[in-house]
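A.B. asks: Pasting input_4.txt here (compact mmCIF, C-alpha atoms and all ligand atoms):
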```
# COMPACT_ATOMS: atom_id res chain seq x y z
CA MET A 1 52.55 14.04 3.08
CA ALA A 2 55.85 15.38 1.70
CA SER A 3 55.99 19.10 0.99
CA TYR A 4 55.69 20.38 -2.57
CA ASN A 5 59.28 21.49 -2.96
CA LEU A 6 60.65 19.46 -5.83
CA ALA A 7 61.10 22.44 -8.15
CA MET A 8 64.85 22.37 -7.53
CA THR A 9 65.37 18.76 -8.57
CA SER A 10 65.69 17.60 -12.19
CA SER A 11 62.46 16.83 -13.99
CA LEU A 12 64.10 13.80 -15.63
CA LEU A 13 63.32 10.58 -13.76
CA GLN A 14 65.79 7.69 -13.55
CA ILE A 15 63.84 4.66 -14.65
CA GLN A 16 65.89 2.19 -12.58
CA GLN A 17 65.02 4.08 -9.42
CA LEU A 18 61.28 3.85 -9.93
CA GLY A 19 59.47 1.12 -8.00
CA TRP A 20 57.06 -1.44 -9.43
CA PRO A 21 54.64 0.22 -9.01
CA THR A 22 55.79 3.79 -8.37
CA HIS A 23 54.26 5.95 -5.65
CA TRP A 24 53.77 9.00 -7.80
CA ALA A 25 52.77 11.26 -4.91
CA GLU A 26 56.27 10.72 -3.45
CA ILE A 27 57.90 11.55 -6.79
CA TYR A 28 56.00 14.84 -7.07
CA GLY A 29 55.99 15.58 -3.35
CA ARG A 30 52.22 15.88 -3.28
CA GLU A 31 48.98 14.04 -3.97
CA ALA A 32 47.42 15.33 -7.20
CA PRO A 33 45.75 13.84 -10.29
CA LEU A 34 48.36 12.24 -12.55
CA ILE A 35 48.18 13.21 -16.23
CA ILE A 36 50.38 11.45 -18.79
CA GLU A 37 51.38 12.58 -22.27
CA ILE A 38 52.70 9.68 -24.34
CA GLY A 39 55.26 10.59 -27.02
CA PHE A 40 55.43 14.33 -26.27
CA GLY A 41 57.97 15.00 -29.06
CA SER A 42 58.89 18.70 -29.03
CA GLY A 43 57.28 19.09 -25.58
CA HIS A 44 55.20 22.19 -26.40
CA PHE A 45 51.90 20.52 -25.59
CA LEU A 46 53.33 19.07 -22.38
CA VAL A 47 54.60 22.37 -20.97
CA ASP A 48 51.39 24.10 -22.03
CA LEU A 49 49.41 21.45 -20.17
CA ALA A 50 51.62 21.88 -17.09
CA GLN A 51 51.09 25.65 -17.16
CA LYS A 52 47.34 25.40 -17.69
CA ARG A 53 46.88 22.73 -15.01
CA PRO A 54 49.26 23.60 -12.16
CA SER A 55 47.27 21.56 -9.66
CA THR A 56 47.95 18.29 -11.51
CA ASN A 57 51.06 16.11 -11.68
CA ILE A 58 52.17 15.94 -15.31
CA LEU A 59 54.25 13.02 -16.59
CA GLY A 60 55.72 12.99 -20.08
CA VAL A 61 56.96 9.70 -21.49
CA GLU A 62 59.13 9.47 -24.60
CA ILE A 63 61.49 6.99 -26.15
CA SER A 64 63.49 9.64 -28.03
CA LEU A 65 66.47 10.99 -26.08
CA PRO A 66 66.78 14.25 -28.07
CA ALA A 67 63.08 14.91 -27.37
CA LEU A 68 63.64 14.33 -23.65
CA ASP A 69 66.64 16.60 -23.65
CA LYS A 70 64.74 19.44 -25.33
CA ALA A 71 61.71 19.07 -23.09
CA GLN A 72 63.88 18.97 -19.99
CA ARG A 73 65.44 22.29 -20.97
CA LYS A 74 61.99 23.82 -21.55
CA VAL A 75 60.74 22.61 -18.18
CA LYS A 76 63.84 24.01 -16.48
CA THR A 77 63.65 27.39 -18.22
CA LEU A 78 59.96 27.76 -17.39
CA GLY A 79 60.47 26.43 -13.84
CA LEU A 80 57.56 24.01 -13.92
CA PRO A 81 57.45 22.11 -10.61
CA ASN A 82 54.61 19.78 -11.64
CA VAL A 83 56.37 18.07 -14.60
CA ARG A 84 58.39 14.88 -14.65
CA LEU A 85 59.88 13.26 -17.74
CA LEU A 86 60.70 9.64 -18.32
CA GLN A 87 62.54 7.81 -21.07
CA SER A 88 60.52 4.66 -21.53
CA ASP A 89 58.15 2.78 -23.73
CA ALA A 90 54.67 3.89 -22.67
CA ARG A 91 53.62 0.25 -22.22
CA TYR A 92 56.33 -0.30 -19.60
CA LEU A 93 55.38 2.91 -17.81
CA LEU A 94 51.73 1.90 -17.65
CA GLN A 95 52.11 -1.75 -16.72
CA ALA A 96 55.14 -1.69 -14.40
CA LEU A 97 55.10 1.79 -12.88
CA CYS A 98 51.45 2.82 -12.67
CA PRO A 99 49.25 1.22 -10.00
CA PRO A 100 45.74 0.20 -11.07
CA GLU A 101 43.33 3.14 -11.35
CA SER A 102 46.03 5.77 -10.73
CA VAL A 103 46.05 7.84 -13.93
CA ALA A 104 43.54 10.66 -14.28
CA ALA A 105 44.08 11.48 -17.96
CA VAL A 106 46.19 10.44 -20.95
CA TYR A 107 47.10 12.38 -24.10
CA ILE A 108 48.46 10.66 -27.20
CA ASN A 109 49.14 13.22 -29.90
CA PHE A 110 50.05 11.99 -33.36
CA PRO A 111 51.45 8.57 -32.42
CA ASP A 112 53.92 7.10 -34.93
CA PRO A 113 51.77 5.63 -37.75
CA TRP A 114 54.19 2.85 -38.83
CA PRO A 115 52.69 2.87 -42.33
CA LYS A 116 54.39 -0.22 -43.79
CA LEU A 117 52.57 -3.54 -43.57
CA ARG A 118 55.43 -5.27 -41.77
CA GLN A 119 55.58 -2.44 -39.18
CA LEU A 120 51.88 -2.42 -38.29
CA HIS A 121 52.47 -4.46 -35.12
CA ARG A 122 54.52 -1.54 -33.78
CA ARG A 123 51.56 0.77 -33.59
CA LEU A 124 50.82 1.74 -30.02
CA ILE A 125 47.04 1.97 -30.11
CA ASN A 126 45.08 -1.25 -30.45
CA VAL A 127 42.45 -3.07 -28.40
CA ALA A 128 45.05 -4.70 -26.11
CA PHE A 129 46.78 -1.38 -25.39
CA LEU A 130 43.42 0.25 -24.63
CA HIS A 131 42.72 -2.54 -22.15
CA LEU A 132 46.09 -1.98 -20.45
CA LEU A 133 45.41 1.77 -20.37
CA ALA A 134 41.95 1.21 -18.89
CA THR A 135 43.38 -0.91 -16.04
CA ARG A 136 45.67 1.97 -15.03
CA MET A 137 43.21 4.85 -15.51
CA VAL A 138 40.74 6.00 -12.91
CA PRO A 139 37.05 5.36 -13.68
CA GLY A 140 35.92 8.28 -15.82
CA GLY A 141 39.56 9.19 -16.64
CA GLN A 142 39.97 11.05 -19.92
CA LEU A 143 41.80 9.72 -22.97
CA ASP A 144 42.53 12.19 -25.78
CA VAL A 145 44.07 10.93 -29.02
CA ALA A 146 44.84 12.79 -32.25
CA THR A 147 46.19 11.56 -35.58
CA ASP A 148 46.57 12.86 -39.12
CA HIS A 149 47.27 9.45 -40.64
CA ALA A 150 44.17 8.19 -42.46
CA ASP A 151 44.96 4.48 -42.18
CA TYR A 152 45.99 4.65 -38.50
CA ALA A 153 42.85 6.73 -37.88
CA LEU A 154 40.73 3.87 -39.25
CA ALA A 155 42.48 1.43 -36.90
CA ILE A 156 42.14 3.78 -33.90
CA THR A 157 38.45 4.34 -34.65
CA GLU A 158 37.90 0.60 -34.85
CA ALA A 159 39.83 -0.09 -31.62
CA LEU A 160 38.03 2.65 -29.70
CA GLU A 161 34.63 1.59 -31.00
CA ASN A 162 35.33 -2.04 -30.11
CA THR A 163 36.84 -1.67 -26.66
CA PRO A 164 34.34 -2.17 -23.84
CA TYR A 165 36.48 -0.01 -21.54
CA PHE A 166 36.14 3.46 -23.06
CA HIS A 167 33.32 5.55 -24.47
CA SER A 168 33.37 8.78 -26.43
CA ARG A 169 32.81 12.05 -24.57
CA LEU A 170 31.55 13.45 -27.87
CA ALA A 171 28.37 12.66 -29.80
CA THR A 172 30.58 11.03 -32.46
CA THR A 173 33.69 8.82 -32.32
CA PHE A 174 35.92 11.71 -33.44
CA ILE A 175 35.90 15.28 -34.69
CA THR A 176 38.07 16.77 -37.41
CA GLU A 177 38.53 20.21 -35.92
CA ASP A 178 39.49 21.15 -32.42
CA ASN A 179 40.45 24.76 -31.98
CA GLU A 180 40.58 24.58 -28.21
CA ARG A 181 43.81 22.65 -28.05
CA LEU A 182 47.35 23.85 -28.55
CA ARG A 183 48.64 22.62 -31.91
CA THR A 184 51.50 20.18 -31.72
CA LYS A 185 54.43 20.12 -34.13
CA TYR A 186 53.16 17.05 -36.00
CA GLU A 187 49.64 18.43 -36.07
CA GLN A 188 50.92 21.59 -37.77
CA ILE A 189 52.93 19.55 -40.27
CA GLY A 190 49.84 17.46 -41.07
CA LEU A 191 47.64 20.52 -41.53
CA ASP A 192 50.27 22.33 -43.65
CA GLU A 193 50.48 19.28 -45.89
CA GLY A 194 46.69 19.21 -46.29
CA ARG A 195 45.91 16.17 -44.17
CA ILE A 196 42.76 15.84 -42.11
CA CYS A 197 43.31 15.46 -38.39
CA GLN A 198 41.03 13.28 -36.30
CA TYR A 199 40.57 14.07 -32.61
CA TYR A 200 39.21 11.45 -30.21
CA LYS A 201 37.98 12.39 -26.73
CA PHE A 202 37.12 9.30 -24.72
CA ALA A 203 36.58 8.42 -21.06
CA ARG A 204 37.28 5.23 -19.16
CA VAL A 205 34.12 3.42 -18.12
CA GLU A 206 33.02 3.72 -14.49
CA THR A 207 32.68 -0.05 -14.12
CA ALA A 208 35.55 -2.35 -13.11
CA VAL A 209 38.07 -3.37 -15.78
CA PRO A 210 39.59 -6.90 -15.63
CA GLN A 211 43.14 -6.51 -14.28
CA THR A 212 44.83 -8.71 -16.87
CA TYR A 213 48.09 -6.74 -16.93
CA PRO A 214 49.84 -7.57 -13.64
CA ILE A 215 52.60 -5.37 -12.28
CA PRO A 216 55.83 -7.36 -12.78
CA LYS A 217 57.39 -8.83 -9.65
CA GLU A 218 60.92 -8.70 -8.28
CA PHE A 219 62.37 -11.71 -6.48
CA PRO A 220 65.23 -12.00 -3.98
CA MET A 221 68.65 -11.80 -5.70
CA PRO A 222 68.91 -15.24 -7.35
CA HIS A 223 71.94 -17.50 -7.18
CA ALA A 224 72.98 -21.08 -7.75
CA VAL A 225 76.09 -22.66 -6.23
CA LEU A 226 77.71 -25.50 -8.16
CA GLN A 227 80.52 -27.90 -7.70
CA SER A 228 82.50 -28.89 -10.75
CA PRO A 229 85.93 -30.22 -11.58
CA LEU A 230 85.98 -27.89 -14.59
CA GLY A 231 88.04 -24.71 -14.60
CA LEU A 232 86.97 -21.32 -15.96
CA ASP A 233 89.10 -21.89 -19.09
CA GLU A 234 87.18 -25.06 -19.91
CA ILE A 235 83.81 -23.44 -19.27
CA GLU A 236 84.80 -20.47 -21.44
CA ALA A 237 85.92 -22.79 -24.25
CA ALA A 238 82.67 -24.81 -24.10
CA TYR A 239 80.39 -21.78 -24.20
CA GLY A 240 78.40 -20.85 -27.29
CA ARG A 241 75.47 -18.47 -27.63
CA PHE A 242 72.11 -20.06 -26.95
CA GLN A 243 68.46 -19.17 -26.49
CA TYR A 244 65.73 -20.31 -24.18
CA SER A 245 62.01 -19.58 -23.97
CA TYR A 246 59.57 -20.29 -21.19
CA GLU A 247 55.97 -19.23 -21.72
CA ALA A 248 56.15 -15.54 -22.74
CA CYS A 249 59.75 -15.08 -21.55
CA HIS A 250 62.56 -15.17 -24.14
CA ILE A 251 66.19 -15.32 -23.11
CA ASN A 252 69.18 -14.82 -25.34
CA PHE A 253 72.56 -15.79 -23.89
CA MET A 254 74.99 -13.71 -25.95
CA GLU A 255 78.70 -12.87 -25.58
CA LEU A 256 80.80 -14.33 -22.83
CA PHE A 257 83.56 -12.15 -21.33
CA ARG A 258 86.42 -12.88 -18.96
CA ALA A 259 87.55 -10.04 -16.74
CA LYS A 260 91.33 -9.64 -16.52
CA GLY A 261 92.65 -10.83 -13.18
CA ASP A 262 89.20 -11.90 -11.97
CA ASP A 263 88.05 -15.47 -11.43
CA ALA A 264 84.76 -14.85 -13.15
CA LEU A 265 82.98 -15.18 -16.46
CA PHE A 266 80.39 -12.62 -17.48
CA VAL A 267 77.57 -13.70 -19.81
CA GLU A 268 75.81 -10.86 -21.56
CA THR A 269 72.14 -11.84 -21.52
CA TYR A 270 69.02 -10.32 -23.05
CA ILE A 271 65.73 -11.15 -21.33
CA LYS A 272 62.36 -10.17 -22.79
CA GLU A 273 59.32 -10.70 -20.60
CA GLU A 274 56.48 -8.25 -21.28
CA PRO A 275 56.54 -5.42 -20.36
CA VAL A 276 60.18 -5.66 -19.27
CA ALA A 277 63.23 -6.07 -21.49
CA GLN A 278 66.66 -6.17 -19.86
CA ARG A 279 70.18 -6.54 -21.17
CA LEU A 280 72.23 -7.64 -18.21
CA GLY A 281 75.18 -9.68 -17.07
CA LEU A 282 75.15 -13.09 -15.42
CA VAL A 283 78.31 -13.95 -13.54
CA VAL A 284 79.89 -17.36 -13.11
CA ARG A 285 82.37 -16.83 -10.30
CA GLN A 286 84.90 -19.38 -9.12
CA ARG A 287 85.01 -18.98 -5.36
CA GLU A 288 87.65 -21.68 -4.94
CA PRO A 289 88.76 -24.53 -7.19
CA GLY A 290 85.75 -26.75 -7.83
CA ASN A 291 83.17 -24.28 -6.44
CA PHE A 292 81.21 -21.78 -8.53
CA VAL A 293 78.39 -19.37 -7.91
CA ILE A 294 76.13 -18.06 -10.66
CA SER A 295 74.50 -14.72 -9.89
CA LEU A 296 73.27 -11.46 -11.37
CA HIS A 297 75.84 -8.70 -11.94
CA GLU A 298 74.77 -5.37 -10.44
CA LEU A 299 76.04 -3.28 -13.34
CA GLY A 300 73.18 -1.15 -14.67
CA PHE A 301 70.93 -1.95 -11.67
CA PRO A 302 69.05 -4.87 -13.28
CA ARG A 303 65.78 -6.04 -11.74
CA PRO A 304 65.77 -9.61 -10.41
CA THR A 305 62.66 -10.66 -12.31
CA HIS A 306 61.13 -14.03 -13.04
CA GLY A 307 63.11 -14.01 -16.31
CA VAL A 308 66.38 -13.55 -14.41
CA GLN A 309 65.48 -16.57 -12.25
CA LEU A 310 64.93 -18.59 -15.42
CA ALA A 311 68.19 -17.35 -16.98
CA ILE A 312 70.31 -18.31 -13.97
CA GLY A 313 68.56 -21.68 -13.87
CA GLN A 314 69.32 -22.26 -17.55
CA LEU A 315 72.97 -21.28 -17.18
CA ALA A 316 73.29 -23.66 -14.22
CA THR A 317 71.57 -26.41 -16.24
CA TRP A 318 73.98 -25.82 -19.13
CA LEU A 319 76.97 -26.07 -16.78
CA VAL A 320 75.66 -29.30 -15.24
CA GLY A 321 75.30 -30.70 -18.75
CA LEU A 322 79.01 -30.12 -19.48
CA ASN A 323 80.32 -32.73 -17.14
CA ASP A 324 79.03 -35.77 -15.22
CA GLU A 325 80.55 -34.63 -11.94
CA THR A 326 79.13 -31.13 -12.07
CA GLN A 327 76.18 -30.59 -9.78
CA ILE A 328 74.13 -27.89 -8.09
CA LEU A 329 74.89 -27.68 -4.35
CA HIS A 330 72.21 -25.16 -3.48
CA HIS A 331 70.13 -22.37 -5.01
CA ASN A 332 67.28 -20.01 -4.24
CA LEU A 333 65.55 -20.38 -7.62
CA LEU A 334 61.87 -20.91 -8.33
CA PRO A 335 61.03 -24.56 -9.20
CA GLU A 336 60.35 -23.76 -12.87
CA ALA A 337 63.85 -22.27 -13.27
CA LEU A 338 65.40 -25.77 -13.24
CA PRO A 339 64.49 -29.07 -14.89
CA LEU A 340 62.78 -31.56 -12.56
CA ASN A 341 65.93 -33.66 -11.96
CA LEU A 342 67.95 -30.62 -10.77
CA ARG A 343 65.38 -28.98 -8.50
CA GLU A 344 66.05 -30.95 -5.35
CA VAL A 345 69.58 -30.50 -3.98
C1 LIG B 401 54.98 11.45 -34.57
S1 LIG B 401 55.73 11.92 -33.08
C2 LIG B 401 54.55 13.05 -32.37
C3 LIG B 401 55.19 14.01 -31.38
C4 LIG B 401 54.23 14.99 -30.70
N1 LIG B 401 53.26 14.29 -29.87
C5 LIG B 401 53.54 15.85 -31.71
O1 LIG B 401 52.32 15.69 -31.88
O2 LIG B 401 54.21 16.70 -32.31
C6 LIG B 401 55.51 10.47 -32.08
C7 LIG B 401 56.40 10.49 -30.82
O3 LIG B 401 56.06 9.37 -30.01
C8 LIG B 401 57.26 8.80 -29.49
N2 LIG B 401 56.96 7.40 -29.22
C9 LIG B 401 56.76 6.43 -30.15
N3 LIG B 401 56.46 5.26 -29.55
C10 LIG B 401 56.48 5.50 -28.22
C11 LIG B 401 56.26 4.67 -27.08
N4 LIG B 401 55.98 3.37 -27.22
N5 LIG B 401 56.35 5.23 -25.85
C12 LIG B 401 56.65 6.55 -25.72
N6 LIG B 401 56.86 7.37 -26.76
C13 LIG B 401 56.78 6.86 -27.99
C14 LIG B 401 58.28 9.04 -30.58
O4 LIG B 401 59.60 9.04 -30.09
C15 LIG B 401 57.88 10.39 -31.13
O5 LIG B 401 58.55 11.45 -30.49
```
Before we go any further, please render this structure as structure tokens.
C.D. replies:
Amino acid sequence: MASYNLAMTSSLLQIQQLGWPTHWAEIYGREAPLIIEIGFGSGHFLVDLAQKRPSTNILGVEISLPALDKAQRKVKTLGLPNVRLLQSDARYLLQALCPPESVAAVYINFPDPWPKLRQLHRRLINVAFLHLLATRMVPGGQLDVATDHADYALAITEALENTPYFHSRLATTFITEDNERLRTKYEQIGLDEGRICQYYKFARVETAVPQTYPIPKEFPMPHAVLQSPLGLDEIEAAYGRFQYSYEACHINFMELFRAKGDDALFVETYIKEEPVAQRLGLVVRQREPGNFVISLHELGFPRPTHGVQLAIGQLATWLVGLNDETQILHHNLLPEALPLNLREV
């Protein structure tokens, strides 16, 4: 086991360098229970937790960059070796980076309530999220949630009472006073403004939870080689933005760029495939007149996912459709990335 000497390194993790799933013991340099705080905001609760529980590995996940910056400075000033911070959506962290049954405890303090009707789908806590959480938490793992938003509280109560994967550690679903915990910034604001806070203390069931949230897979770097009498100018002129969906994967082919002095076109592409969303570049490179290769540009360290396979297949299909003499010479794509008539080469 690696020694526990990571105090000198930055607490801020680089998301692109984290494996699917991540071996958290390697990140912290030791085996210890992993505790996650989702949406740590000002970071007070997180650093307090890290100080009170030095024998655990603490992971804070936030989407807000200013919050990460502030928390990172706090962690550095206090010299807390057991804290790591990650800029990510909590759902990505849980599904892609956390192995099944690897998280000992989760804190969600005052999650964004998204009060407007059209924003309700953005709320983090619902039955599906609790299922995902349960797949990644150890049996008996503790889930603590707090909110001061009456309507979100109703929804959280309903979700927690309806999920088969958690049960309350209290005699009731929630309590409205908890003087044992450190108050968070939003908790204090809620109390100052006269709102009632609801505190939920649940535990993951000891029985198995259906693993319906698979860890996303990476495939070998995909490519397709084509022969075509067309030149890059003609391909560039024919291009227009287009979209493609396959099952739960949605691909948006956006701007096309031509690098100066380079025999390549660069297609900015957005690929959404839960829990991963990537904005990346697909490259159509002319290796010699009449011969093109379509591949994934390395800029930004994109992951070669199933969606990237589909995107390269679609771009190749579009190119083939431009001209009768254009054809795919070879590729390493999955069968579903190409229409039936283009699969065999
Ligand atoms: C209302 S604030 C609460 C902050 C802090 N927990 C507190 O109690 O003072 C909610 C925080 O959750 C973060 N957040 C919202 N959705 C998130 C998500 N999907 N993953 C991670 N963090 C998220 C927001 O950026 C924000 O900082």
A.B. asks: Using only C-alpha atoms and all ligand atoms, find each residue with an atom at most 7 Å away from ligand LIG 401 (chain B) and format the answer as a list in words.
C.D. replies: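 Within the 7 Å cut-off, the matching residues are Ile38, Gly39, Phe40, Gly41, Ser42, Val61, Glu62, Ile63, Ser64, Ala67, Ser88, Asp89, Ala90, Arg91, Ile108, Asn109, Phe110, Pro111, Asp112, Leu124, Thr184, Lys185, Tyr186 and Glu187 of chain A.
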A.B. asks: Would you mind listing what lies within 12 Å of Thr147 of chain A as a PyMOL selection string, with only C-alpha atoms counted and same-chain residues fewer than 3 positions away left out?
C.D. replies: chain A and resi 107-113+125+144+150-157+174-177+183-191+195-200
A.B. asks: Near Leu342 of chain A, within 10 Å and counting all atoms listed in the file, which residues show up once chain neighbours fewer than 5 positions away are dropped, as a PyMOL selection string?
C.D. replies: chain A and resi 313+316-317+320+327-329+335+337
A.B. asks: Residues at most 8 Å from Leu130 of chain A, counting all atoms listed in the file, excluding those fewer than 6 positions away in the same chain, as a short mmCIF file (atom, residue, chain, number, x, y, z; two decimals) with C-alpha atoms, in the coordinates of the input?
C.D. replies:
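Generated file (result_38.cif):
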```cif
data_model
loop_
_atom_site.label_atom_id
_atom_site.label_comp_id
_atom_site.auth_asym_id
_atom_site.auth_seq_id
_atom_site.Cartn_x
_atom_site.Cartn_y
_atom_site.Cartn_z
CA ALA A 159 39.83 -0.09 -31.62
CA LEU A 160 38.03 2.65 -29.70
CA THR A 163 36.84 -1.67 -26.66
CA TYR A 165 36.48 -0.01 -21.54
#
```
A.B. asks: So that I can see what lies close to Glu206 of chain A, please list as a PyMOL selection string the residues with an atom at most 10 Å from it, counting all atoms listed in the file and leaving out residues fewer than 2 positions away in the same chain.
C.D. replies: chain A and resi 138-141+165-166+203-204+208-209
A.B. asks: Which of these, A:Thr135, A:Lys74, A:Phe129, A:Gly321, has the shortest distance to Asn341 of chain A once you count only C-alpha atoms?
C.D. replies: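 Residue with the minimum atom-to-atom distance to Asn341 of chain A: A:Gly321.
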A.B. asks: Please determine an axis-aligned box that encloses all atoms of segment 165-181 of chain A listed in the file, with 5 Å added on each side, and express its centre and edge lengths in Å to one decimal as lines of an AutoDock Vina configuration file.
C.D. replies:
```
center_x = 36.1
center_y = 12.4
center_z = -29.5
size_x = 25.4
size_y = 34.8
size_z = 25.9
```
A.B. asks: Generate the missing atoms of segment 211-226 of chain A up to N, CA and C atoms and report them as a short mmCIF file (atom, residue, chain, number, x, y, z; two decimals), in the frame of the given file.
C.D. replies:
```
data_model
loop_
_atom_site.label_atom_id
_atom_site.label_comp_id
_atom_site.auth_asym_id
_atom_site.auth_seq_id
_atom_site.Cartn_x
_atom_site.Cartn_y
_atom_site.Cartn_z
N GLN A 211 41.72 -6.89 -14.47
CA GLN A 211 43.14 -6.51 -14.28
C GLN A 211 44.05 -7.57 -14.89
N THR A 212 44.06 -7.64 -16.22
CA THR A 212 44.83 -8.71 -16.87
C THR A 212 46.29 -8.34 -17.12
N TYR A 213 46.70 -7.15 -16.69
CA TYR A 213 48.09 -6.74 -16.93
C TYR A 213 48.79 -6.56 -15.58
N PRO A 214 49.28 -7.67 -14.99
CA PRO A 214 49.84 -7.57 -13.64
C PRO A 214 51.11 -6.73 -13.61
N ILE A 215 51.33 -6.09 -12.49
CA ILE A 215 52.60 -5.37 -12.28
C ILE A 215 53.69 -6.43 -12.14
N PRO A 216 54.79 -6.32 -12.88
CA PRO A 216 55.83 -7.36 -12.78
C PRO A 216 56.40 -7.42 -11.36
N LYS A 217 56.90 -8.60 -11.02
CA LYS A 217 57.39 -8.83 -9.65
C LYS A 217 58.91 -8.89 -9.63
N GLU A 218 59.49 -8.49 -8.49
CA GLU A 218 60.92 -8.70 -8.28
C GLU A 218 61.08 -9.78 -7.22
N PHE A 219 62.11 -10.60 -7.40
CA PHE A 219 62.37 -11.71 -6.48
C PHE A 219 63.67 -11.43 -5.73
N PRO A 220 63.93 -12.17 -4.65
CA PRO A 220 65.23 -12.00 -3.98
C PRO A 220 66.36 -12.25 -4.99
N MET A 221 67.52 -11.62 -4.77
CA MET A 221 68.65 -11.80 -5.70
C MET A 221 68.92 -13.30 -5.91
N PRO A 222 68.78 -13.79 -7.14
CA PRO A 222 68.91 -15.24 -7.35
C PRO A 222 70.37 -15.69 -7.43
N HIS A 223 70.60 -16.92 -7.01
CA HIS A 223 71.94 -17.50 -7.18
C HIS A 223 71.84 -19.02 -7.22
N ALA A 224 72.85 -19.62 -7.80
CA ALA A 224 72.98 -21.08 -7.75
C ALA A 224 74.45 -21.38 -7.50
N VAL A 225 74.70 -22.28 -6.55
CA VAL A 225 76.09 -22.66 -6.23
C VAL A 225 76.32 -24.06 -6.79
N LEU A 226 77.43 -24.21 -7.51
CA LEU A 226 77.71 -25.50 -8.16
C LEU A 226 79.08 -26.01 -7.77
#
```
